[in-house]
Amino acid sequence: MDAASTLRRARRSAGISQAELARRALVPQATVGRIEAGSVVPSLATFDRLLTLCGAPLSAVPRPSTSPPPFRGAGPGDRPYWLWDTDLTLAEFTARLHAESAEERGWALSRLLAHATWPDIWRIVTTEQLRKDWSLVRLANRDVWTDFLDADAACAA
């Protein structure tokens, strides 16, 4: 739910008008109207103050994690989470990382770097392998990885 509908719902539940809420909050009525219309996004402090005046202060609610499940425990015959749309087992994926075909190695490395968690990447590949096949990798965030490889090389020197 967005700020506009949240504030509107809280104000209506409290049984007060926009004008009354604005008076209590010491802001122009037009400010409350613009927030409820969705044309202005209030600061967190203003939003909390308005909701508190309606008897519905902000509170933190934990969200379920959207991060991928941990890789721990996946065996060679299991499909890793970063291959959610591909029917490959871990063993088959690992074979592609070491395939003779540059295209296959590039696809596998790109997929791993784009979708796996940092610890899982380093369970599968080494920086040496990544550096060797770096020209094959196709990523949107390529600069981040280039910076990492440069820093890793500097540390190794």
# chains A, B, ... in the order shown; residues from 1 in each chain; ligands from 1
call {"tool": "residues_around", "arguments": {"residues": "Ser110 in chain A", "least_positions_apart": "4", "cutoff": "9 Å", "atoms": "only C-alpha atoms", "output": "list in words"}}
result
Arg105, Gly106, Ala114, His115, Leu136, Val137, Arg138 and Leu139 of chain A
call {"tool": "residues_around", "arguments": {"residues": "Ile16 in chain A", "least_positions_apart": "3", "cutoff": "12 Å", "atoms": "only C-alpha atoms", "output": "list in words"}}
result
Leu7, Arg8, Arg9, Ala10, Arg11, Arg12, Ser13, Ala19, Glu20, Leu21, Ala22, Arg23, Arg24, Leu50, Leu51, Leu53, Cys54 and Gly55 of chain A
call {"tool": "residues_around", "arguments": {"residues": "range 86-98 of chain A", "least_positions_apart": "5", "cutoff": "8 Å", "atoms": "only C-alpha atoms", "output": "mmCIF file with C-alpha atoms, in the first residue's frame"}}
result
data_model
loop_
_atom_site.group_PDB
_atom_site.id
_atom_site.type_symbol
_atom_site.label_atom_id
_atom_site.label_comp_id
_atom_site.auth_asym_id
_atom_site.auth_seq_id
_atom_site.Cartn_x
_atom_site.Cartn_y
_atom_site.Cartn_z
ATOM 1 C CA ALA A 74 22.926 -28.940 -2.656
ATOM 2 C CA GLY A 75 24.437 -32.048 -4.113
ATOM 3 C CA PRO A 76 25.729 -32.704 -7.629
ATOM 4 C CA GLY A 77 22.318 -34.016 -8.708
ATOM 5 C CA ASP A 78 20.388 -31.026 -7.322
ATOM 6 C CA ARG A 79 19.448 -27.924 -9.285
ATOM 7 C CA PRO A 80 20.935 -24.769 -7.697
ATOM 8 C CA GLU A 104 29.171 -22.355 -22.738
ATOM 9 C CA ARG A 105 31.789 -21.148 -20.240
ATOM 10 C CA GLY A 106 30.723 -17.547 -20.810
ATOM 11 C CA ALA A 108 27.728 -20.322 -17.119
ATOM 12 C CA LEU A 109 29.996 -17.665 -15.599
ATOM 13 C CA ILE A 124 32.089 -22.801 -7.595
#
call {"tool": "atom_distance", "arguments": {"atom1": "CA of Ala154 in chain A", "atom2": "CA of Arg111 in chain A"}}
result
26.0 Å
call {"tool": "closest_residue", "arguments": {"among": "A:Leu113, A:Leu44, A:Ala60, A:Ala99", "to": "Leu83 in chain A", "atoms": "only C-alpha atoms"}}
result
A:Leu113
call {"tool": "closest_residue", "arguments": {"among": "A:Ile35, A:Ala45, A:Val40, A:Leu130", "to": "Phe148 in chain A", "atoms": "only C-alpha atoms"}}
result
A:Leu130
call {"tool": "atom_distance", "arguments": {"atom1": "CA of Asp120 in chain A", "atom2": "CA of Asp133 in chain A"}}
result
18.2 Å
call {"tool": "closest_residue", "arguments": {"among": "A:Asn141, A:Thr127, A:Gln29, A:Gln18", "to": "Ala156 in chain A", "atoms": "only C-alpha atoms"}}
result
A:Thr127
